[in-house]
>>> print(open('data-v8.pdb').read())   # PDB, C-alpha atoms and all ligand atoms
ATOM      1  CA  MET A  28       0.000   0.000   0.000
ATOM      2  CA  ASP A  29       1.217   3.501  -0.804
ATOM      3  CA  GLU A  30       2.385   5.003   2.440
ATOM      4  CA  ASN A  31       0.560   8.239   1.672
ATOM      5  CA  ASN A  32      -2.741   6.398   1.621
ATOM      6  CA  VAL A  33      -2.376   4.990   5.114
ATOM      7  CA  VAL A  34      -5.017   6.550   7.303
ATOM      8  CA  ARG A  35      -3.459   7.433  10.624
ATOM      9  CA  GLU A  36      -5.980   6.809  13.328
ATOM     10  CA  PHE A  37      -6.206   8.967  16.377
ATOM     11  CA  SER A  38      -4.230   7.233  19.089
ATOM     12  CA  PHE A  39      -4.547   7.741  22.806
ATOM     13  CA  LYS A  40      -1.112   6.180  23.102
ATOM     14  CA  GLU A  41       0.291   9.453  21.910
ATOM     15  CA  TYR A  42       1.006  11.844  24.696
ATOM     16  CA  MET A  43      -1.536  14.692  24.499
ATOM     17  CA  GLY A  44      -0.692  16.512  27.720
ATOM     18  CA  PRO A  45       1.084  19.813  28.433
ATOM     19  CA  PRO A  46       3.967  20.310  25.946
ATOM     20  CA  GLU A  47       6.411  21.330  28.694
ATOM     21  CA  LEU A  48       6.250  17.773  30.080
ATOM     22  CA  LEU A  49       6.907  16.187  26.694
ATOM     23  CA  PRO A  50      10.748  16.008  27.020
ATOM     24  CA  HIS A  51      10.271  14.089  30.298
ATOM     25  CA  VAL A  52       7.565  11.615  29.324
ATOM     26  CA  SER A  53       8.122  10.893  25.623
ATOM     27  CA  PHE A  54      11.012   9.526  23.638
ATOM     28  CA  THR A  55      11.450  10.767  20.087
ATOM     29  CA  ARG A  56      14.399  10.692  17.727
ATOM     30  CA  LYS A  57      14.817  14.456  17.704
ATOM     31  CA  GLY A  58      14.940  17.186  20.311
ATOM     32  CA  THR A  59      16.288  17.315  23.845
ATOM     33  CA  HIS A  60      14.946  14.822  26.354
ATOM     34  CA  PHE A  61      15.611  14.175  30.006
ATOM     35  CA  CYS A  62      16.364  10.896  31.748
ATOM     36  CA  ILE A  63      13.326   9.788  33.765
ATOM     37  CA  TYR A  64      15.583   8.390  36.545
ATOM     38  CA  CYS A  65      18.193  11.132  37.111
ATOM     39  CA  GLY A  66      16.866  14.154  35.203
ATOM     40  CA  GLY A  67      20.075  14.421  33.129
ATOM     41  CA  ARG A  68      20.260  14.628  29.335
ATOM     42  CA  SER A  69      18.788  11.501  27.802
ATOM     43  CA  ASP A  70      20.629   9.763  24.998
ATOM     44  CA  THR A  71      18.938   6.363  24.905
ATOM     45  CA  ARG A  72      15.448   4.946  24.935
ATOM     46  CA  GLU A  73      14.306   2.741  27.755
ATOM     47  CA  HIS A  74      11.813  -0.046  27.140
ATOM     48  CA  ALA A  75       9.056  -0.118  29.724
ATOM     49  CA  PRO A  76       8.978  -2.896  30.781
ATOM     50  CA  SER A  77      12.406  -4.217  29.846
ATOM     51  CA  ARG A  78      12.308  -7.023  27.309
ATOM     52  CA  VAL A  79      14.024  -9.425  29.733
ATOM     53  CA  PHE A  80      10.573  -9.928  31.346
ATOM     54  CA  LEU A  81       8.835 -10.725  28.054
ATOM     55  CA  ARG A  82       8.943 -13.657  25.687
ATOM     56  CA  ARG A  83       9.639 -13.655  21.968
ATOM     57  CA  PRO A  84       8.105 -12.511  19.724
ATOM     58  CA  TYR A  85       7.927  -9.230  21.630
ATOM     59  CA  PRO A  86       4.810  -7.079  21.350
ATOM     60  CA  GLU A  87       5.135  -4.603  18.495
ATOM     61  CA  ASP A  88       4.245  -1.440  20.346
ATOM     62  CA  LEU A  89       6.529  -1.621  23.374
ATOM     63  CA  ARG A  90       6.492   1.581  25.365
ATOM     64  CA  VAL A  91       9.673   3.628  25.363
ATOM     65  CA  LEU A  92      10.846   6.462  27.581
ATOM     66  CA  PRO A  93      13.894   8.733  27.585
ATOM     67  CA  ALA A  94      16.839   7.666  29.789
ATOM     68  CA  CYS A  95      20.565   8.362  29.934
ATOM     69  CA  LYS A  96      23.002   5.593  29.053
ATOM     70  CA  LYS A  97      24.342   5.340  32.600
ATOM     71  CA  CYS A  98      20.916   4.789  34.209
ATOM     72  CA  ASN A  99      19.700   2.579  31.378
ATOM     73  CA  ASN A 100      22.648   0.187  31.667
ATOM     74  CA  GLY A 101      22.815   0.442  35.459
ATOM     75  CA  PHE A 102      19.823  -1.856  35.922
ATOM     76  CA  SER A 103      20.636  -4.609  33.420
ATOM     77  CA  ASP A 104      22.376  -7.062  35.786
ATOM     78  CA  ASP A 105      19.730  -6.700  38.489
ATOM     79  CA  GLU A 106      16.959  -7.112  35.930
ATOM     80  CA  LEU A 107      18.430 -10.365  34.704
ATOM     81  CA  TYR A 108      18.843 -11.488  38.322
ATOM     82  CA  THR A 109      15.188 -10.635  39.026
ATOM     83  CA  GLU A 110      13.955 -12.474  35.932
ATOM     84  CA  VAL A 111      15.952 -15.626  36.804
ATOM     85  CA  TYR A 112      14.819 -15.427  40.454
ATOM     86  CA  ILE A 113      11.121 -15.194  39.492
ATOM     87  CA  ASP A 114      11.465 -17.981  36.968
ATOM     88  CA  ALA A 115      13.376 -20.171  39.416
ATOM     89  CA  MET A 116      10.840 -19.525  42.173
ATOM     90  CA  LYS A 117       8.015 -20.460  39.799
ATOM     91  CA  TYR A 118       9.790 -23.687  38.899
ATOM     92  CA  ILE A 119      10.868 -24.657  42.429
ATOM     93  CA  SER A 120       7.389 -23.984  43.878
ATOM     94  CA  GLY A 121       5.854 -26.238  41.226
ATOM     95  CA  ARG A 122       4.005 -23.498  39.295
ATOM     96  CA  SER A 123       5.847 -24.241  36.076
ATOM     97  CA  ASN A 124       7.471 -27.400  34.868
ATOM     98  CA  ALA A 125      10.416 -25.858  33.088
ATOM     99  CA  ILE A 126      13.020 -23.179  33.475
ATOM    100  CA  ASN A 127      12.720 -20.561  30.785
ATOM    101  CA  ASP A 128      16.203 -21.084  29.400
ATOM    102  CA  GLU A 129      17.794 -23.643  27.111
ATOM    103  CA  ASN A 130      20.998 -23.674  29.089
ATOM    104  CA  LYS A 131      19.651 -25.160  32.321
ATOM    105  CA  GLU A 132      23.068 -26.072  33.710
ATOM    106  CA  ARG A 133      24.085 -22.441  33.685
ATOM    107  CA  ILE A 134      20.823 -21.346  35.317
ATOM    108  CA  TYR A 135      20.997 -23.964  38.105
ATOM    109  CA  LYS A 136      24.378 -22.540  39.141
ATOM    110  CA  ASN A 137      23.153 -18.963  38.816
ATOM    111  CA  LYS A 138      23.127 -16.936  42.040
ATOM    112  CA  ALA A 139      19.502 -15.911  41.493
ATOM    113  CA  PHE A 140      18.466 -19.564  41.181
ATOM    114  CA  LEU A 141      20.336 -20.521  44.360
ATOM    115  CA  ASP A 142      18.850 -17.528  46.226
ATOM    116  CA  ALA A 143      15.338 -18.484  45.145
ATOM    117  CA  GLN A 144      15.944 -22.079  46.220
ATOM    118  CA  ARG A 145      17.218 -20.983  49.657
ATOM    119  CA  ASP A 146      14.258 -18.574  50.129
ATOM    120  CA  PHE A 147      11.676 -21.171  49.125
ATOM    121  CA  VAL A 148      13.127 -23.818  51.449
ATOM    122  CA  ALA A 149      13.033 -21.303  54.316
ATOM    123  CA  TYR A 150       9.435 -20.404  53.381
ATOM    124  CA  CYS A 151       8.448 -24.086  53.510
ATOM    125  CA  ASP A 152      10.015 -24.190  56.976
ATOM    126  CA  GLY A 153       7.574 -21.482  58.052
ATOM    127  CA  LYS A 154       9.788 -18.425  57.616
ATOM    128  CA  GLU A 155       8.631 -15.264  55.820
ATOM    129  CA  LEU A 156       9.902 -14.578  52.341
ATOM    130  CA  PRO A 157      12.754 -12.067  52.671
ATOM    131  CA  THR A 158      12.689  -8.761  50.788
ATOM    132  CA  ASN A 159      15.398  -8.973  48.178
ATOM    133  CA  ILE A 160      17.190  -5.641  47.611
ATOM    134  CA  LYS A 161      17.933  -6.286  43.929
ATOM    135  CA  ILE A 162      14.336  -7.264  43.185
ATOM    136  CA  SER A 163      12.989  -4.229  45.088
ATOM    137  CA  LYS A 164      15.328  -1.959  43.127
ATOM    138  CA  VAL A 165      14.149  -3.402  39.804
ATOM    139  CA  LEU A 166      10.459  -3.231  40.740
ATOM    140  CA  THR A 167      10.905   0.414  41.773
ATOM    141  CA  LYS A 168      12.575   1.155  38.466
ATOM    142  CA  LEU A 169       9.767  -0.529  36.497
ATOM    143  CA  ALA A 170       7.176   1.352  38.542
ATOM    144  CA  VAL A 171       8.870   4.692  37.748
ATOM    145  CA  CYS A 172       8.584   3.848  34.041
ATOM    146  CA  HIS A 173       4.865   3.044  34.303
ATOM    147  CA  CYS A 174       4.157   6.156  36.402
ATOM    148  CA  VAL A 175       5.914   8.432  33.932
ATOM    149  CA  TYR A 176       4.437   6.793  30.845
ATOM    150  CA  GLU A 177       0.855   6.540  32.052
ATOM    151  CA  LEU A 178       0.401   9.343  34.582
ATOM    152  CA  SER A 179       3.006  11.891  33.378
ATOM    153  CA  GLU A 180       4.326  11.892  36.958
ATOM    154  CA  GLY A 181       7.280  10.459  38.824
ATOM    155  CA  TYR A 182      10.183  11.478  36.567
ATOM    156  CA  SER A 183      13.235  13.109  38.114
ATOM    157  CA  THR A 184      14.248  16.756  37.623
ATOM    158  CA  ASP A 185      16.745  19.101  39.295
ATOM    159  CA  ILE A 186      14.135  20.242  41.784
ATOM    160  CA  TRP A 187      12.103  17.169  42.601
ATOM    161  CA  GLU A 188      11.834  13.444  42.209
ATOM    162  CA  ALA A 189       9.535  10.628  43.236
ATOM    163  CA  THR A 190      10.604   8.618  46.273
ATOM    164  CA  PRO A 191       9.251   5.144  46.941
ATOM    165  CA  VAL A 192       7.229   5.101  50.154
ATOM    166  CA  SER A 193       6.796   1.348  50.036
ATOM    167  CA  VAL A 194       7.867  -1.530  47.807
ATOM    168  CA  LYS A 195       5.925  -4.735  48.413
ATOM    169  CA  TYR A 196       5.893  -7.931  46.456
ATOM    170  CA  THR A 197       5.003 -11.564  46.885
ATOM    171  CA  PHE A 198       4.456 -14.689  44.830
ATOM    172  CA  ALA A 199       1.309 -16.537  43.789
ATOM    173  CA  PHE A 200       1.933 -19.448  46.194
ATOM    174  CA  ASP A 201       1.898 -16.998  49.108
ATOM    175  CA  MET A 202      -1.405 -15.389  48.092
ATOM    176  CA  PRO A 203      -4.844 -17.018  48.415
ATOM    177  CA  LYS A 204      -6.885 -16.966  45.183
ATOM    178  CA  LEU A 205      -9.376 -14.427  46.596
ATOM    179  CA  GLU A 206      -6.548 -12.065  47.419
ATOM    180  CA  ARG A 207      -5.074 -12.477  43.935
ATOM    181  CA  ASP A 208      -8.463 -11.791  42.326
ATOM    182  CA  ALA A 209      -8.896  -8.634  44.408
ATOM    183  CA  PHE A 210      -5.403  -7.494  43.434
ATOM    184  CA  ASP A 211      -6.098  -8.165  39.746
ATOM    185  CA  TYR A 212      -9.363  -6.223  39.662
ATOM    186  CA  PHE A 213     -10.083  -2.814  38.079
ATOM    187  CA  ILE A 214      -9.102   0.157  40.210
ATOM    188  CA  PRO A 215     -12.260   2.123  41.176
ATOM    189  CA  MET A 216     -11.579   5.810  40.451
ATOM    190  CA  MET A 217     -14.410   7.532  42.378
ATOM    191  CA  ASP A 218     -12.154   8.319  45.311
ATOM    192  CA  LYS A 219      -8.965   8.914  43.298
ATOM    193  CA  LYS A 220      -7.268  11.962  41.841
ATOM    194  CA  LEU A 221      -7.473  12.293  38.051
ATOM    195  CA  PRO A 222      -4.074  12.421  36.316
ATOM    196  CA  ILE A 223      -2.895  15.387  34.191
ATOM    197  CA  ILE A 224      -5.235  15.834  31.217
ATOM    198  CA  GLY A 225      -3.762  14.273  28.104
ATOM    199  CA  SER A 226      -1.800  11.621  29.998
ATOM    200  CA  ARG A 227      -1.813   8.272  28.266
ATOM    201  CA  VAL A 228      -3.659   6.632  31.141
ATOM    202  CA  TYR A 229      -6.947   8.194  29.951
ATOM    203  CA  ASN A 230      -6.972   5.353  27.454
ATOM    204  CA  LYS A 231      -7.450   3.010  30.405
ATOM    205  CA  LEU A 232     -10.424   4.694  32.060
ATOM    206  CA  TYR A 233     -13.755   2.971  31.623
ATOM    207  CA  VAL A 234     -17.284   3.649  32.790
ATOM    208  CA  LEU A 235     -19.053   0.576  34.142
ATOM    209  CA  GLU A 236     -22.810   0.622  34.587
ATOM    210  CA  ALA A 237     -24.364  -1.569  37.235
ATOM    211  CA  VAL A 238     -28.113  -2.210  37.106
ATOM    212  CA  LEU A 239     -29.689  -3.019  40.454
ATOM    213  CA  GLN A 240     -33.054  -4.780  40.083
ATOM    214  CA  GLU A 241     -35.654  -4.606  42.825
ATOM    215  CA  PHE A 242     -36.229  -8.035  44.381
ATOM    216  CA  ARG A 243     -40.077  -8.002  44.113
ATOM    217  CA  GLY A 244     -40.928  -5.372  41.540
ATOM    218  CA  ASP A 245     -39.835  -3.638  38.391
ATOM    219  CA  ASN A 246     -37.792  -0.801  39.800
ATOM    220  CA  GLN A 247     -34.260  -0.534  38.592
ATOM    221  CA  ILE A 248     -31.431   1.649  39.758
ATOM    222  CA  LYS A 249     -28.559   2.310  37.418
ATOM    223  CA  GLN A 250     -25.256   3.302  38.837
ATOM    224  CA  GLN A 251     -22.112   4.273  36.962
ATOM    225  CA  PHE A 252     -18.560   3.732  38.103
ATOM    226  CA  VAL A 253     -15.352   5.035  36.602
ATOM    227  CA  VAL A 254     -12.614   2.420  36.795
ATOM    228  CA  MET A 255      -9.006   2.137  35.677
ATOM    229  CA  ASN A 256      -8.142  -0.935  33.664
ATOM    230  CA  TRP A 257      -4.834  -2.806  33.592
ATOM    231  CA  THR A 258      -2.374  -2.542  30.723
ATOM    232  CA  ASP A 259      -1.651  -6.003  29.376
ATOM    233  CA  VAL A 260       1.823  -5.712  27.895
ATOM    234  CA  GLN A 261       1.977  -9.431  27.077
ATOM    235  CA  ASP A 262      -0.678 -11.949  28.019
ATOM    236  CA  GLY A 263       0.395 -14.045  31.015
ATOM    237  CA  GLU A 264       3.807 -12.378  31.180
ATOM    238  CA  TYR A 265       3.456  -8.775  32.220
ATOM    239  CA  LYS A 266       0.706  -6.349  33.157
ATOM    240  CA  TYR A 267       0.463  -3.199  35.243
ATOM    241  CA  VAL A 268      -1.869  -0.454  36.402
ATOM    242  CA  ALA A 269      -1.024   2.983  37.838
ATOM    243  CA  TRP A 270      -3.150   5.559  39.650
ATOM    244  CA  ILE A 271      -2.976   8.560  41.980
ATOM    245  CA  GLU A 272      -4.707   8.668  45.362
ATOM    246  CA  LYS A 273      -6.341  11.804  46.782
ATOM    247  CA  ASP A 274      -3.356  12.169  49.148
ATOM    248  CA  GLU A 275      -1.158  12.553  46.008
ATOM    249  CA  THR A 276       0.603   9.210  46.440
ATOM    250  CA  MET A 277       1.168   7.363  43.172
ATOM    251  CA  HIS A 278       0.515   3.624  43.109
ATOM    252  CA  VAL A 279       1.725   1.069  40.599
ATOM    253  CA  ARG A 280       0.687  -2.587  40.584
ATOM    254  CA  MET A 281       2.510  -5.114  38.454
ATOM    255  CA  VAL A 282       1.977  -8.814  37.812
ATOM    256  CA  ILE A 283       4.958 -10.559  36.226
ATOM    257  CA  HIS A 284       4.589 -14.054  34.692
ATOM    258  CA  ASP A 285       1.212 -14.395  36.477
ATOM    259  CA  PHE A 286       3.342 -15.143  39.489
ATOM    260  CA  LEU A 287       5.003 -12.103  41.088
ATOM    261  CA  TYR A 288       2.527  -9.561  42.495
ATOM    262  CA  ALA A 289       3.976  -6.142  43.357
ATOM    263  CA  GLU A 290       2.693  -2.792  44.536
ATOM    264  CA  ILE A 291       4.960   0.242  44.699
ATOM    265  CA  VAL A 292       3.899   3.560  46.248
ATOM    266  CA  PHE A 293       5.631   6.882  45.447
ATOM    267  CA  ARG A 294       5.386  10.359  46.786
ATOM    268  CA  GLU A 295       6.866  13.431  45.125
ATOM    269  CA  LYS A 296       9.279  15.287  47.353
TER     270      LYS A 296
HETATM  271 ZN    ZN B   1      19.930   9.022  34.091
END
>>> encode(input="data-v8.pdb", output="structure tokens", more="lines below")
Ligand SMILES: [Zn+2]
Amino acid sequence: MDENNVVREFSFKEYMGPPELLPHVSFTRKGTHFCIYCGGRSDTREHAPSRVFLRRPYPEDLRVLPACKKCNNGFSDDELYTEVYIDAMKYISGRSNAINDENKERIYKNKAFLDAQRDFVAYCDGKELPTNIKISKVLTKLAVCHCVYELSEGYSTDIWEATPVSVKYTFAFDMPKLERDAFDYFIPMMDKKLPIIGSRVYNKLYVLEAVLQEFRGDNQIKQQFVVMNWTDVQDGEYKYVAWIEKDETMHVRMVIHDFLYAEIVFREK
């Protein structure tokens, strides 16, 4: 097809918010952009989430954000560690029957695999799962990406940055099904703060209508709810949702490989 004939549809994925935020929340090939993590000049694009958490073939429209080379590369080792740890934990706890790597010998000797094994054995002995610093660091980093991309908030500048108030995560085997279902549900927005107009997250807002029928009679009451839906980056591998509470805290929930459940809370300082 002639490229000139392609009809470009209106896309909510495009950032439509205040232009002064554009260099912080969008990556383009031209212009000056700022690293979402340190606020410095950005010279690379950061995939959000990183491809290490996804399987091939990767989704076509992976989100990208501006980042400097130093920050972008600074997370790679910990991201690989986190991915191997999650995968190992899934395998050791019996939630998958294979390690996601052809070279199993190498993985079995990997530090992340051994750490996951040690933590799961301790868990089976009745101990709590420890909070792993590398995993917390990676989850915080991923949450920053989702906050910036969806809410146009949480990027770093010279004068302010978002600080994590809490980083919590656990695994499917440590969460009853009811709790997982509640975690997975839409986020009701009635009591939340709406993000900056034009932020990409508006694509994820839905109005649900509930019809309440009188038990003995014909009366009906219709009630509408605004909810925030999850972003499914890759089915069964990675999804997230981000929102802002009335107290200005920013919340990001992530589910990785249908197995790790995380919630990160930020506040701007
Ligand atoms: Zn940076």
>>> closest_atom_pairs(input="data-v8.pdb", of="chain A", to="ligand ZN 1 (chain B)", cutoff="8 Å", atoms="only C-alpha atoms and all ligand atoms", output="JSON lines")
{"residue": "A:Phe61", "atom": "CA", "partner": "B:ZN1", "partner_atom": "ZN", "distance": 7.9}
{"residue": "A:Cys62", "atom": "CA", "partner": "B:ZN1", "partner_atom": "ZN", "distance": 4.7}
{"residue": "A:Ile63", "atom": "CA", "partner": "B:ZN1", "partner_atom": "ZN", "distance": 6.7}
{"residue": "A:Tyr64", "atom": "CA", "partner": "B:ZN1", "partner_atom": "ZN", "distance": 5.0}
{"residue": "A:Cys65", "atom": "CA", "partner": "B:ZN1", "partner_atom": "ZN", "distance": 4.1}
{"residue": "A:Gly66", "atom": "CA", "partner": "B:ZN1", "partner_atom": "ZN", "distance": 6.1}
{"residue": "A:Gly67", "atom": "CA", "partner": "B:ZN1", "partner_atom": "ZN", "distance": 5.5}
{"residue": "A:Arg68", "atom": "CA", "partner": "B:ZN1", "partner_atom": "ZN", "distance": 7.4}
{"residue": "A:Ser69", "atom": "CA", "partner": "B:ZN1", "partner_atom": "ZN", "distance": 6.9}
{"residue": "A:Ala94", "atom": "CA", "partner": "B:ZN1", "partner_atom": "ZN", "distance": 5.5}
{"residue": "A:Cys95", "atom": "CA", "partner": "B:ZN1", "partner_atom": "ZN", "distance": 4.3}
{"residue": "A:Lys96", "atom": "CA", "partner": "B:ZN1", "partner_atom": "ZN", "distance": 6.8}
{"residue": "A:Lys97", "atom": "CA", "partner": "B:ZN1", "partner_atom": "ZN", "distance": 5.9}
{"residue": "A:Cys98", "atom": "CA", "partner": "B:ZN1", "partner_atom": "ZN", "distance": 4.3}
{"residue": "A:Asn99", "atom": "CA", "partner": "B:ZN1", "partner_atom": "ZN", "distance": 7.0}
>>> resolve_selection(input="data-v8.pdb", expression="the PyMOL selection byres (((chain A and resi 109-119) around 9) and not hetatm)", output="PyMOL selection string")
chain A and resi 79-80+104-108+120-127+134-135+137-144+146-147+161-162+165-166+198-200+283-284+286-287
>>> residues_around(input="data-v8.pdb", residues="Arg78 of chain A", least_positions_apart="5", cutoff="10 Å", atoms="only C-alpha atoms", output="ChimeraX atom specification")
/A:73,83,85-86,89,106
>>> resolve_selection(input="data-v8.pdb", expression="the PyMOL selection byres (((chain A and resi 209-217) around 9) and not hetatm)", output="list of chain:residue names")
A:Lys204, A:Leu205, A:Glu206, A:Arg207, A:Asp208, A:Asp218, A:Lys219, A:Lys220, A:Leu221, A:Leu232, A:Phe252, A:Val253, A:Val254, A:Met255, A:Asn256, A:Trp257, A:Val268, A:Ala269, A:Trp270, A:Glu272, A:Arg280, A:Val282, A:Tyr288
>>> write_last_selection(input="data-v8.pdb", atoms="C-alpha atoms", output="CSV table (one decimal), in the coordinates of the input")
chain,number,residue,atom,x,y,z
A,204,LYS,CA,-6.9,-17.0,45.2
A,205,LEU,CA,-9.4,-14.4,46.6
A,206,GLU,CA,-6.5,-12.1,47.4
A,207,ARG,CA,-5.1,-12.5,43.9
A,208,ASP,CA,-8.5,-11.8,42.3
A,218,ASP,CA,-12.2,8.3,45.3
A,219,LYS,CA,-9.0,8.9,43.3
A,220,LYS,CA,-7.3,12.0,41.8
A,221,LEU,CA,-7.5,12.3,38.1
A,232,LEU,CA,-10.4,4.7,32.1
A,252,PHE,CA,-18.6,3.7,38.1
A,253,VAL,CA,-15.4,5.0,36.6
A,254,VAL,CA,-12.6,2.4,36.8
A,255,MET,CA,-9.0,2.1,35.7
A,256,ASN,CA,-8.1,-0.9,33.7
A,257,TRP,CA,-4.8,-2.8,33.6
A,268,VAL,CA,-1.9,-0.5,36.4
A,269,ALA,CA,-1.0,3.0,37.8
A,270,TRP,CA,-3.2,5.6,39.6
A,272,GLU,CA,-4.7,8.7,45.4
A,280,ARG,CA,0.7,-2.6,40.6
A,282,VAL,CA,2.0,-8.8,37.8
A,288,TYR,CA,2.5,-9.6,42.5
>>> atom_distance(input="data-v8.pdb", atom1="atom CA of Leu48 of chain A", atom2="atom CA of Lys266 of chain A")
24.9 Å
>>> closest_residue(input="data-v8.pdb", among="A:Arg294, A:His60, A:Lys168, A:Arg145", to="Pro76 of chain A", atoms="all atoms listed in the file")
A:Lys168
